[in-house]
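The block underneath contains the structure these notes are about, expressed in structure tokens.
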Amino acid sequence: MRTTPNTALDAANKGAKLYRAAWRWHFYAGLFVVPFFLVLAVTGMMMLWIAHLDGRDGERIPVTPQGQTTSLNLQAAVAIAAVPDGQPVQYVAPRSPDLAAIFRIDRSSGAQTVAVDPYTAQVVTRFPRRSGWYDMADGIHSSLLLGVTGDRMLEIAASLGIVLMATGLYMWWPRQGGWARALIPNPMARGRALWRSLHGTVGIWISVAMVFFLVSGLAWSGVWGEKLTQAWSTFPAAKWDAVPLSDVTHGSMNDGPKQVAWALEQTPMPASGSEAGVTGIPAGQPVTIDSIDALARSIGFQGRYQVMMPKGDTGVWTLARDSMNTDSLNPTTDRTVHIDQYSGRILADVGFGDYSWAGKAMAVGIALHMGTLGLWSVLANTAFCLAVIFLCVSGVVLWWKRRPAGQMRLVPPPMPSDMPLWRGAVVLGCVIGVAFPMAGVTMAAALLIDRLLLARVPAFRRVFG
């Protein structure tokens, strides 16, 4: 059927109205998101390079290899003696023979990290745990140092980032000029047109990575991550095969930044004090940190791994290797083993292959998100962070160049009247709102503000309209 001029004009008008509606949502989402994305990108790069070059808990403190190492019992005793009234909680095995052993000692005034030379059993240094530049950046990156309030603010920003990407892709999707226009910036453009070309091109190139980082980052959030996603993908406690369970979960081992495999956090811990499990440390041999280390080495833990010490009468020894904690460069080798503190029997042995598909996806996704897969992932994540910073800066520049001269009003793109295909837009908004609740709540609030304040109150309309 031949298209009449009026039909083509109607189609063009509908397309223009949809474009302006997408632009308006893109503008308002960006207004909220840009400051948070700048903070996330900068702190993310700090964490990447600090972890790669210097480590996070002093685990890259050098020592001079000299023959055989001393016993871990002696090393632990020296570390405990360095922190009066302290309780040993964790041991981090050296990644290589020329690095110090790390002990975490807790006391009422706060946790201390003690680095011990494994060859001389001498304390190399001690310092408050989680007190370095990495930890400051991590605190900002995860909650803006505002606790639950900061977590919710970042979750809203990440959720609205999905809206930002969806509207941005719709606006920059090739219509005239083909894919070359979308994927290659226009070198002939000048002024605002050049900024727009660069903004759109960089955005479309990193769009897939952006969605990945937003979704994997949301796994740490308090609503989408803990209340929705993690709840139905947690490793089932039933797989402990009738091993007695503690009344605490694996998440109890977290202190500040998460250090337990994502799929295990909400699973109850096994409990010591029964004859359950399989033989680990041979019967009659004392269960000490030395025998625990020997068992760990015999069942495949090599290089850097972590030992969490028993807490209380039912606590267990826990061996852990997790790429999230930079224990290894390969998330598929993640492993957690629990050992009865009395009998030395292995109560549970959970590896990557035991996770659900969601747990496996998150184990790999978190390693990619944190750049713990080696130098190539550090460089790739750095390039992504720089691209995000450019998108934020160029977005502000585009607004600055579009605003009326001499005015500081926001001047968002006007909402078109007689919005075409509005039902489809409502359905899409509902889908995003259900999938990402904080985005749904925020979009609903924005619609109410737009209809009740911006459209009716002249003072608000002069600033935001």
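Each chain in the structure tokens gets a letter, A, B and so on, in the order shown; residues start at 1 in every chain, and ligands are counted from 1 in the order they appear.
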Excluding A:Asp106 and residues on its chain fewer than 4 positions from it, collect all residues at most 6 Å away from it, counting only C-alpha atoms, and give them as a ChimeraX atom specification.
/A:86-87,111
Distance of atom CA of A:Arg321 from atom CA of A:Met210, expressed in Å to one decimal place
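So the answer is 28.1 Å.
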Give me, please, the distance in Å between atom CA of A:Asp334 and atom CA of A:Met308, quoted to one decimal.
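We find that atom CA of A:Asp334 and atom CA of A:Met308 lie 15.5 Å from each other.
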Show which residues sit within 8 Å of A:Ile162, as JSON, numbers by chain. Count only C-alpha atoms, and ignore same-chain residues fewer than 4 positions away.
{"A": [158, 166, 211, 214]}
Selection file, N, CA and C atoms, as a compact mmCIF listing (two decimals), in the first residue's frame:
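See part.txt below for the written result:
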```
# COMPACT_ATOMS: atom_id res chain seq x y z
N ALA A 158 21.32 3.57 40.58
CA ALA A 158 21.59 2.44 39.69
C ALA A 158 20.33 2.01 38.95
N ALA A 166 17.98 2.99 28.66
CA ALA A 166 16.88 2.66 27.73
C ALA A 166 16.49 3.88 26.90
N VAL A 211 24.86 -1.76 31.49
CA VAL A 211 23.78 -2.56 32.06
C VAL A 211 24.35 -3.65 32.96
N LEU A 214 25.51 -2.06 36.22
CA LEU A 214 24.38 -1.64 37.04
C LEU A 214 23.72 -2.83 37.73
```
Quick one: residues within 8 Å of stretch 265-280 of chain A, only C-alpha atoms counted, chain neighbours fewer than 5 positions away excluded, as a PyMOL selection string?
chain A and resi 230-231+234-237+240+242-251+260+295+313-316+338-348
Keeping only N, CA, C and O atoms, write the selected residues as a compact mmCIF listing (two decimals), in the first residue's frame.
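Below is the file that was written, out.txt:
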```txt
# COMPACT_ATOMS: atom_id res chain seq x y z
N GLN A 230 18.81 -12.14 45.98
CA GLN A 230 19.59 -13.10 46.76
C GLN A 230 18.71 -14.10 47.50
O GLN A 230 19.08 -15.25 47.70
N ALA A 231 17.50 -13.66 47.86
CA ALA A 231 16.64 -14.53 48.66
C ALA A 231 16.28 -15.82 47.95
O ALA A 231 16.20 -16.88 48.57
N THR A 234 19.82 -18.33 47.05
CA THR A 234 20.74 -18.72 48.11
C THR A 234 20.99 -20.22 48.08
O THR A 234 20.10 -21.01 47.79
N PHE A 235 22.21 -20.59 48.41
CA PHE A 235 22.57 -22.01 48.49
C PHE A 235 21.71 -22.68 49.56
O PHE A 235 21.63 -22.21 50.69
N PRO A 236 21.03 -23.78 49.24
CA PRO A 236 20.10 -24.39 50.20
C PRO A 236 20.82 -25.10 51.34
O PRO A 236 21.72 -25.90 51.13
N ALA A 237 20.40 -24.80 52.58
CA ALA A 237 21.01 -25.43 53.75
C ALA A 237 20.79 -26.94 53.76
O ALA A 237 21.53 -27.68 54.41
N TRP A 240 23.54 -29.55 53.32
CA TRP A 240 24.52 -29.91 54.33
C TRP A 240 24.34 -31.37 54.77
O TRP A 240 25.10 -31.87 55.60
N ALA A 242 22.06 -33.19 56.68
CA ALA A 242 21.75 -33.48 58.09
C ALA A 242 22.84 -33.02 59.06
O ALA A 242 22.87 -33.47 60.21
N VAL A 243 23.72 -32.16 58.62
CA VAL A 243 24.71 -31.58 59.53
C VAL A 243 24.01 -30.59 60.44
O VAL A 243 23.19 -29.80 59.98
N PRO A 244 24.27 -30.59 61.75
CA PRO A 244 23.62 -29.62 62.64
C PRO A 244 23.89 -28.19 62.17
O PRO A 244 25.01 -27.86 61.74
N LEU A 245 22.87 -27.35 62.26
CA LEU A 245 22.98 -25.97 61.78
C LEU A 245 23.05 -25.00 62.95
O LEU A 245 22.41 -25.18 63.98
N SER A 246 23.81 -23.94 62.76
CA SER A 246 23.90 -22.87 63.72
C SER A 246 22.70 -21.95 63.57
O SER A 246 21.95 -22.04 62.59
N ASP A 247 22.52 -21.04 64.51
CA ASP A 247 21.43 -20.06 64.39
C ASP A 247 21.92 -18.77 63.74
O ASP A 247 21.21 -17.77 63.75
N VAL A 248 23.14 -18.77 63.17
CA VAL A 248 23.64 -17.61 62.44
C VAL A 248 23.90 -18.01 61.00
O VAL A 248 24.07 -19.20 60.68
N THR A 249 23.90 -17.04 60.12
CA THR A 249 24.15 -17.30 58.70
C THR A 249 25.61 -17.00 58.36
O THR A 249 26.36 -16.45 59.17
N HIS A 250 25.98 -17.34 57.12
CA HIS A 250 27.33 -17.02 56.65
C HIS A 250 27.59 -15.52 56.67
O HIS A 250 28.73 -15.08 56.80
N GLY A 251 26.52 -14.75 56.53
CA GLY A 251 26.69 -13.30 56.56
C GLY A 251 27.25 -12.78 57.87
O GLY A 251 27.75 -11.65 57.92
N VAL A 260 32.12 -12.91 52.08
CA VAL A 260 31.60 -14.27 51.96
C VAL A 260 30.96 -14.42 50.58
O VAL A 260 30.34 -13.48 50.08
N LEU A 295 45.47 -29.52 56.54
CA LEU A 295 44.29 -30.08 55.87
C LEU A 295 43.94 -29.26 54.63
O LEU A 295 43.64 -29.82 53.57
N ASP A 313 30.87 -21.83 71.27
CA ASP A 313 30.93 -23.27 71.47
C ASP A 313 30.53 -24.07 70.22
O ASP A 313 30.94 -25.22 70.07
N THR A 314 29.70 -23.50 69.36
CA THR A 314 29.25 -24.24 68.17
C THR A 314 29.91 -23.73 66.90
O THR A 314 29.57 -24.17 65.80
N GLY A 315 30.83 -22.78 67.02
CA GLY A 315 31.49 -22.23 65.84
C GLY A 315 32.35 -23.25 65.12
O GLY A 315 32.73 -24.29 65.69
N VAL A 316 32.67 -22.99 63.87
CA VAL A 316 33.47 -23.91 63.05
C VAL A 316 34.69 -23.18 62.50
O VAL A 316 34.73 -21.96 62.43
N HIS A 338 33.85 -26.00 55.77
CA HIS A 338 33.63 -25.84 57.22
C HIS A 338 34.10 -27.09 57.95
O HIS A 338 33.80 -28.21 57.52
N ILE A 339 34.77 -26.89 59.08
CA ILE A 339 35.38 -27.99 59.83
C ILE A 339 34.97 -27.90 61.30
O ILE A 339 35.04 -26.83 61.92
N ASP A 340 34.54 -29.03 61.87
CA ASP A 340 34.15 -29.09 63.27
C ASP A 340 35.35 -28.74 64.16
O ASP A 340 36.44 -29.30 63.99
N GLN A 341 35.15 -27.80 65.09
CA GLN A 341 36.28 -27.33 65.91
C GLN A 341 36.76 -28.38 66.91
O GLN A 341 37.87 -28.26 67.44
N TYR A 342 35.95 -29.42 67.18
CA TYR A 342 36.33 -30.44 68.16
C TYR A 342 36.90 -31.69 67.49
O TYR A 342 37.96 -32.17 67.89
N SER A 343 36.19 -32.19 66.49
CA SER A 343 36.59 -33.46 65.88
C SER A 343 37.50 -33.28 64.67
O SER A 343 38.17 -34.22 64.24
N GLY A 344 37.50 -32.08 64.06
CA GLY A 344 38.26 -31.86 62.85
C GLY A 344 37.62 -32.47 61.61
O GLY A 344 38.25 -32.54 60.55
N ARG A 345 36.36 -32.91 61.71
CA ARG A 345 35.67 -33.50 60.57
C ARG A 345 35.13 -32.39 59.65
O ARG A 345 34.72 -31.32 60.12
N ILE A 346 35.14 -32.66 58.37
CA ILE A 346 34.65 -31.70 57.39
C ILE A 346 33.12 -31.77 57.37
O ILE A 346 32.54 -32.81 57.05
N LEU A 347 32.48 -30.68 57.73
CA LEU A 347 31.02 -30.64 57.78
C LEU A 347 30.40 -30.23 56.45
O LEU A 347 29.27 -30.63 56.14
N ALA A 348 31.09 -29.42 55.69
CA ALA A 348 30.55 -28.95 54.41
C ALA A 348 31.70 -28.53 53.51
O ALA A 348 32.71 -27.98 53.98
```
Excluding same-chain residues fewer than 5 positions from A:Ala77, what lies within 12 Å of it counting only C-alpha atoms, as a ChimeraX atom specification?
/A:70-72,82-84,86-88,91,103,105,114,116,121-123,289
Work out how far atom CA of A:Trp49 is from atom CA of A:Met362, in Å to one decimal.
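These atoms are spaced 22.1 Å apart.
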When you look at A:Asp57 with a cut-off of 8 Å (counting only C-alpha atoms), what residues show up, excluding the ones that are within fewer than 4 positions of it in the same chain? I need them as a PyMOL selection string.
chain A and resi 102+113+129-130
Dump of N, CA, C and O atoms for the selected residues, as a short mmCIF file (atom, residue, chain, number, x, y, z; two decimals), in the first residue's frame:
```
data_model
loop_
_atom_site.label_atom_id
_atom_site.label_comp_id
_atom_site.auth_asym_id
_atom_site.auth_seq_id
_atom_site.Cartn_x
_atom_site.Cartn_y
_atom_site.Cartn_z
N ILE A 102 48.97 -12.55 57.37
CA ILE A 102 48.09 -11.54 57.93
C ILE A 102 47.14 -12.18 58.94
O ILE A 102 46.51 -13.21 58.66
N THR A 113 44.70 -5.32 62.23
CA THR A 113 45.40 -6.19 61.29
C THR A 113 46.86 -6.26 61.71
O THR A 113 47.51 -5.23 61.90
N ARG A 129 42.14 -2.32 61.30
CA ARG A 129 41.59 -2.97 60.11
C ARG A 129 40.60 -2.04 59.40
O ARG A 129 39.90 -1.26 60.02
N ARG A 130 40.56 -2.15 58.08
CA ARG A 130 39.66 -1.35 57.25
C ARG A 130 39.87 0.15 57.47
O ARG A 130 38.93 0.90 57.62
#
```
Could you pull out the residues in stretch 222-437 of chain A that DSSP calls helix (DSSP H, G or I) from the backbone, as a PDB file with C-alpha atoms, in the first residue's frame?
```pdb
ATOM      1  CA  TRP A 224      16.949  -5.465  44.921  1.00  0.00           C
ATOM      2  CA  GLY A 225      19.955  -7.509  46.054  1.00  0.00           C
ATOM      3  CA  GLU A 226      19.183  -8.805  49.540  1.00  0.00           C
ATOM      4  CA  LYS A 227      15.372  -8.753  49.586  1.00  0.00           C
ATOM      5  CA  LEU A 228      14.636  -9.985  46.051  1.00  0.00           C
ATOM      6  CA  THR A 229      17.469 -11.507  44.053  1.00  0.00           C
ATOM      7  CA  GLN A 230      19.587 -13.098  46.759  1.00  0.00           C
ATOM      8  CA  ALA A 231      16.636 -14.530  48.660  1.00  0.00           C
ATOM      9  CA  TRP A 232      15.652 -16.987  45.927  1.00  0.00           C
ATOM     10  CA  SER A 233      19.141 -17.912  44.747  1.00  0.00           C
ATOM     11  CA  ALA A 237      21.015 -25.433  53.754  1.00  0.00           C
ATOM     12  CA  ALA A 238      19.446 -28.843  53.024  1.00  0.00           C
ATOM     13  CA  LYS A 239      22.597 -29.712  51.069  1.00  0.00           C
ATOM     14  CA  TRP A 240      24.517 -29.913  54.329  1.00  0.00           C
ATOM     15  CA  HIS A 250      27.328 -17.023  56.654  1.00  0.00           C
ATOM     16  CA  GLY A 251      26.688 -13.296  56.559  1.00  0.00           C
ATOM     17  CA  SER A 252      27.738 -13.167  60.217  1.00  0.00           C
ATOM     18  CA  MET A 253      31.339 -13.459  58.999  1.00  0.00           C
ATOM     19  CA  TRP A 262      27.313 -14.068  47.498  1.00  0.00           C
ATOM     20  CA  ALA A 263      25.372 -17.336  47.142  1.00  0.00           C
ATOM     21  CA  LEU A 264      26.160 -18.387  50.733  1.00  0.00           C
ATOM     22  CA  ILE A 289      45.563 -23.716  63.115  1.00  0.00           C
ATOM     23  CA  ASP A 290      48.588 -25.754  61.975  1.00  0.00           C
ATOM     24  CA  SER A 291      46.558 -28.915  61.424  1.00  0.00           C
ATOM     25  CA  ILE A 292      43.804 -26.872  59.770  1.00  0.00           C
ATOM     26  CA  ASP A 293      46.378 -25.359  57.386  1.00  0.00           C
ATOM     27  CA  ALA A 294      47.806 -28.821  56.639  1.00  0.00           C
ATOM     28  CA  LEU A 295      44.292 -30.076  55.871  1.00  0.00           C
ATOM     29  CA  ALA A 296      43.638 -27.073  53.635  1.00  0.00           C
ATOM     30  CA  ARG A 297      46.792 -27.735  51.626  1.00  0.00           C
ATOM     31  CA  SER A 298      45.987 -31.437  51.338  1.00  0.00           C
ATOM     32  CA  SER A 323      37.829 -14.219  43.889  1.00  0.00           C
ATOM     33  CA  MET A 324      35.714 -11.410  45.385  1.00  0.00           C
ATOM     34  CA  ASN A 325      38.419 -11.128  48.053  1.00  0.00           C
ATOM     35  CA  PRO A 331      35.859 -17.306  40.269  1.00  0.00           C
ATOM     36  CA  THR A 332      35.168 -20.873  39.142  1.00  0.00           C
ATOM     37  CA  THR A 333      37.702 -22.052  41.753  1.00  0.00           C
ATOM     38  CA  PHE A 352      31.457 -23.035  42.409  1.00  0.00           C
ATOM     39  CA  GLY A 353      29.813 -26.072  40.827  1.00  0.00           C
ATOM     40  CA  ASP A 354      27.409 -26.360  43.768  1.00  0.00           C
ATOM     41  CA  TRP A 357      22.833 -20.677  38.075  1.00  0.00           C
ATOM     42  CA  ALA A 358      22.196 -17.283  39.693  1.00  0.00           C
ATOM     43  CA  GLY A 359      24.960 -17.875  42.235  1.00  0.00           C
ATOM     44  CA  LYS A 360      27.384 -18.836  39.462  1.00  0.00           C
ATOM     45  CA  ALA A 361      26.404 -15.780  37.425  1.00  0.00           C
ATOM     46  CA  MET A 362      26.963 -13.518  40.407  1.00  0.00           C
ATOM     47  CA  ALA A 363      30.314 -15.107  41.326  1.00  0.00           C
ATOM     48  CA  VAL A 364      31.608 -14.426  37.815  1.00  0.00           C
ATOM     49  CA  GLY A 365      29.776 -11.095  37.571  1.00  0.00           C
ATOM     50  CA  ILE A 366      31.196  -9.748  40.829  1.00  0.00           C
ATOM     51  CA  ALA A 367      34.733 -10.696  39.771  1.00  0.00           C
ATOM     52  CA  LEU A 368      34.228  -8.839  36.490  1.00  0.00           C
ATOM     53  CA  HIS A 369      32.632  -5.887  38.302  1.00  0.00           C
ATOM     54  CA  MET A 370      35.515  -5.614  40.789  1.00  0.00           C
ATOM     55  CA  LEU A 375      45.586  -6.804  34.878  1.00  0.00           C
ATOM     56  CA  TRP A 376      43.418  -7.043  31.753  1.00  0.00           C
ATOM     57  CA  SER A 377      40.248  -6.657  33.839  1.00  0.00           C
ATOM     58  CA  VAL A 378      41.752  -3.731  35.764  1.00  0.00           C
ATOM     59  CA  LEU A 379      42.518  -1.963  32.476  1.00  0.00           C
ATOM     60  CA  ALA A 380      39.118  -2.784  30.976  1.00  0.00           C
ATOM     61  CA  ASN A 381      37.276  -1.522  34.062  1.00  0.00           C
ATOM     62  CA  THR A 382      39.415   1.620  34.108  1.00  0.00           C
ATOM     63  CA  ALA A 383      38.459   2.354  30.493  1.00  0.00           C
ATOM     64  CA  PHE A 384      34.800   1.846  31.402  1.00  0.00           C
ATOM     65  CA  CYS A 385      35.035   4.193  34.411  1.00  0.00           C
ATOM     66  CA  LEU A 386      36.665   6.877  32.259  1.00  0.00           C
ATOM     67  CA  ALA A 387      33.863   6.479  29.706  1.00  0.00           C
ATOM     68  CA  VAL A 388      31.236   6.904  32.454  1.00  0.00           C
ATOM     69  CA  ILE A 389      32.976  10.060  33.671  1.00  0.00           C
ATOM     70  CA  PHE A 390      32.962  11.408  30.111  1.00  0.00           C
ATOM     71  CA  LEU A 391      29.240  10.666  29.719  1.00  0.00           C
ATOM     72  CA  CYS A 392      28.477  12.525  32.948  1.00  0.00           C
ATOM     73  CA  VAL A 393      30.616  15.542  32.039  1.00  0.00           C
ATOM     74  CA  SER A 394      29.377  15.692  28.441  1.00  0.00           C
ATOM     75  CA  GLY A 395      25.764  15.430  29.633  1.00  0.00           C
ATOM     76  CA  VAL A 396      26.272  18.492  31.831  1.00  0.00           C
ATOM     77  CA  VAL A 397      27.984  20.319  28.960  1.00  0.00           C
ATOM     78  CA  LEU A 398      25.050  19.541  26.646  1.00  0.00           C
ATOM     79  CA  TRP A 399      22.611  20.994  29.188  1.00  0.00           C
ATOM     80  CA  TRP A 400      24.809  24.053  29.662  1.00  0.00           C
ATOM     81  CA  LYS A 401      24.944  24.740  25.933  1.00  0.00           C
ATOM     82  CA  ARG A 402      21.188  24.186  25.504  1.00  0.00           C
ATOM     83  CA  TRP A 422       1.334   5.996  25.737  1.00  0.00           C
ATOM     84  CA  ARG A 423      -0.033   2.629  26.814  1.00  0.00           C
ATOM     85  CA  GLY A 424       3.135   0.926  25.638  1.00  0.00           C
ATOM     86  CA  ALA A 425       5.230   3.445  27.563  1.00  0.00           C
ATOM     87  CA  VAL A 426       3.170   2.787  30.707  1.00  0.00           C
ATOM     88  CA  VAL A 427       3.628  -0.978  30.328  1.00  0.00           C
ATOM     89  CA  LEU A 428       7.395  -0.539  29.863  1.00  0.00           C
ATOM     90  CA  GLY A 429       7.547   1.710  32.923  1.00  0.00           C
ATOM     91  CA  CYS A 430       5.615  -0.843  34.983  1.00  0.00           C
ATOM     92  CA  VAL A 431       7.969  -3.646  33.890  1.00  0.00           C
ATOM     93  CA  ILE A 432      11.021  -1.601  34.927  1.00  0.00           C
ATOM     94  CA  GLY A 433       9.292  -0.588  38.161  1.00  0.00           C
ATOM     95  CA  VAL A 434       8.504  -4.188  39.117  1.00  0.00           C
ATOM     96  CA  ALA A 435      11.945  -5.484  38.132  1.00  0.00           C
ATOM     97  CA  PRO A 437      11.411  -1.437  42.802  1.00  0.00           C
TER      98      PRO A 437
END
```
To test your reading of the structure, identify every residue in stretch 104-287 of chain A that backbone DSSP assigns to strand (DSSP E), and report it as a PyMOL selection string.
chain A and resi 104-106+112-117+122-128+245-249+268-270
Would you save the residues of that selection, restricted to N, CA, C and O atoms, as an mmCIF file, in the first residue's frame?
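Result went into out_5.cif, see below:
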```cif
data_model
loop_
_atom_site.group_PDB
_atom_site.id
_atom_site.type_symbol
_atom_site.label_atom_id
_atom_site.label_comp_id
_atom_site.auth_asym_id
_atom_site.auth_seq_id
_atom_site.Cartn_x
_atom_site.Cartn_y
_atom_site.Cartn_z
ATOM 1 N N ARG A 104 43.897 -11.178 61.642
ATOM 2 C CA ARG A 104 42.931 -10.199 62.143
ATOM 3 C C ARG A 104 42.671 -10.512 63.608
ATOM 4 O O ARG A 104 42.267 -11.630 63.957
ATOM 5 N N ILE A 105 42.881 -9.513 64.452
ATOM 6 C CA ILE A 105 42.666 -9.656 65.893
ATOM 7 C C ILE A 105 41.610 -8.640 66.308
ATOM 8 O O ILE A 105 41.776 -7.436 66.090
ATOM 9 N N ASP A 106 40.524 -9.116 66.889
ATOM 10 C CA ASP A 106 39.444 -8.226 67.319
ATOM 11 C C ASP A 106 39.560 -7.919 68.806
ATOM 12 O O ASP A 106 39.925 -8.778 69.611
ATOM 13 N N GLN A 112 42.076 -5.142 64.611
ATOM 14 C CA GLN A 112 43.432 -4.787 64.205
ATOM 15 C C GLN A 112 43.938 -5.798 63.186
ATOM 16 O O GLN A 112 43.623 -6.994 63.268
ATOM 17 N N THR A 113 44.704 -5.320 62.229
ATOM 18 C CA THR A 113 45.401 -6.188 61.292
ATOM 19 C C THR A 113 46.860 -6.262 61.711
ATOM 20 O O THR A 113 47.507 -5.228 61.904
ATOM 21 N N VAL A 114 47.369 -7.485 61.860
ATOM 22 C CA VAL A 114 48.759 -7.692 62.267
ATOM 23 C C VAL A 114 49.462 -8.483 61.175
ATOM 24 O O VAL A 114 49.027 -9.584 60.824
ATOM 25 N N ALA A 115 50.536 -7.913 60.637
ATOM 26 C CA ALA A 115 51.342 -8.596 59.625
ATOM 27 C C ALA A 115 52.536 -9.244 60.317
ATOM 28 O O ALA A 115 53.269 -8.582 61.063
ATOM 29 N N VAL A 116 52.720 -10.546 60.066
ATOM 30 C CA VAL A 116 53.775 -11.310 60.732
ATOM 31 C C VAL A 116 54.705 -11.909 59.679
ATOM 32 O O VAL A 116 54.241 -12.453 58.666
ATOM 33 N N ASP A 117 56.006 -11.797 59.930
ATOM 34 C CA ASP A 117 56.984 -12.461 59.067
ATOM 35 C C ASP A 117 56.909 -13.957 59.343
ATOM 36 O O ASP A 117 57.202 -14.403 60.456
ATOM 37 N N GLN A 122 58.083 -12.645 63.672
ATOM 38 C CA GLN A 122 58.157 -11.307 64.226
ATOM 39 C C GLN A 122 57.068 -10.433 63.591
ATOM 40 O O GLN A 122 56.767 -10.565 62.394
ATOM 41 N N VAL A 123 56.479 -9.559 64.395
ATOM 42 C CA VAL A 123 55.470 -8.637 63.865
ATOM 43 C C VAL A 123 56.149 -7.611 62.969
ATOM 44 O O VAL A 123 57.090 -6.926 63.396
ATOM 45 N N VAL A 124 55.698 -7.519 61.743
ATOM 46 C CA VAL A 124 56.230 -6.540 60.799
ATOM 47 C C VAL A 124 55.552 -5.185 61.011
ATOM 48 O O VAL A 124 56.195 -4.148 61.071
ATOM 49 N N THR A 125 54.234 -5.206 61.136
ATOM 50 C CA THR A 125 53.479 -3.987 61.394
ATOM 51 C C THR A 125 52.079 -4.363 61.857
ATOM 52 O O THR A 125 51.655 -5.512 61.696
ATOM 53 N N ARG A 126 51.393 -3.399 62.447
ATOM 54 C CA ARG A 126 49.992 -3.584 62.812
ATOM 55 C C ARG A 126 49.276 -2.255 62.597
ATOM 56 O O ARG A 126 49.878 -1.190 62.692
ATOM 57 N N PHE A 127 47.991 -2.333 62.279
ATOM 58 C CA PHE A 127 47.224 -1.113 62.020
ATOM 59 C C PHE A 127 45.741 -1.441 62.151
ATOM 60 O O PHE A 127 45.338 -2.615 62.066
ATOM 61 N N PRO A 128 44.898 -0.428 62.390
ATOM 62 C CA PRO A 128 43.459 -0.675 62.476
ATOM 63 C C PRO A 128 42.932 -1.272 61.175
ATOM 64 O O PRO A 128 43.244 -0.788 60.083
ATOM 65 N N LEU A 245 22.868 -27.346 62.258
ATOM 66 C CA LEU A 245 22.983 -25.970 61.782
ATOM 67 C C LEU A 245 23.051 -24.995 62.949
ATOM 68 O O LEU A 245 22.406 -25.178 63.985
ATOM 69 N N SER A 246 23.813 -23.945 62.759
ATOM 70 C CA SER A 246 23.896 -22.868 63.722
ATOM 71 C C SER A 246 22.698 -21.946 63.566
ATOM 72 O O SER A 246 21.947 -22.039 62.595
ATOM 73 N N ASP A 247 22.517 -21.041 64.514
ATOM 74 C CA ASP A 247 21.435 -20.060 64.394
ATOM 75 C C ASP A 247 21.919 -18.765 63.744
ATOM 76 O O ASP A 247 21.208 -17.769 63.748
ATOM 77 N N VAL A 248 23.141 -18.768 63.174
ATOM 78 C CA VAL A 248 23.640 -17.608 62.443
ATOM 79 C C VAL A 248 23.898 -18.013 60.996
ATOM 80 O O VAL A 248 24.067 -19.196 60.676
ATOM 81 N N THR A 249 23.905 -17.043 60.121
ATOM 82 C CA THR A 249 24.154 -17.301 58.703
ATOM 83 C C THR A 249 25.611 -17.003 58.359
ATOM 84 O O THR A 249 26.364 -16.452 59.168
ATOM 85 N N PRO A 268 22.397 -20.770 56.573
ATOM 86 C CA PRO A 268 22.869 -21.010 57.939
ATOM 87 C C PRO A 268 24.228 -21.707 57.961
ATOM 88 O O PRO A 268 24.541 -22.529 57.096
ATOM 89 N N MET A 269 25.020 -21.385 58.962
ATOM 90 C CA MET A 269 26.317 -22.026 59.157
ATOM 91 C C MET A 269 26.118 -23.416 59.760
ATOM 92 O O MET A 269 25.172 -23.634 60.534
ATOM 93 N N PRO A 270 26.991 -24.375 59.439
ATOM 94 C CA PRO A 270 26.982 -25.646 60.182
ATOM 95 C C PRO A 270 27.440 -25.390 61.624
ATOM 96 O O PRO A 270 28.055 -24.373 61.923
#
```
Which residues are near A:Ala93? Cut-off 6 Å, only C-alpha atoms, ignore same chain within fewer than 4 positions. Put them as a ChimeraX atom specification.
/A:101,304-305
Counting only C-alpha atoms, which of A:Thr167, A:Gln306, A:Asn186, A:Thr318 gets nearest to A:Tyr28?
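Selected residue with least distance to A:Tyr28: A:Thr167.
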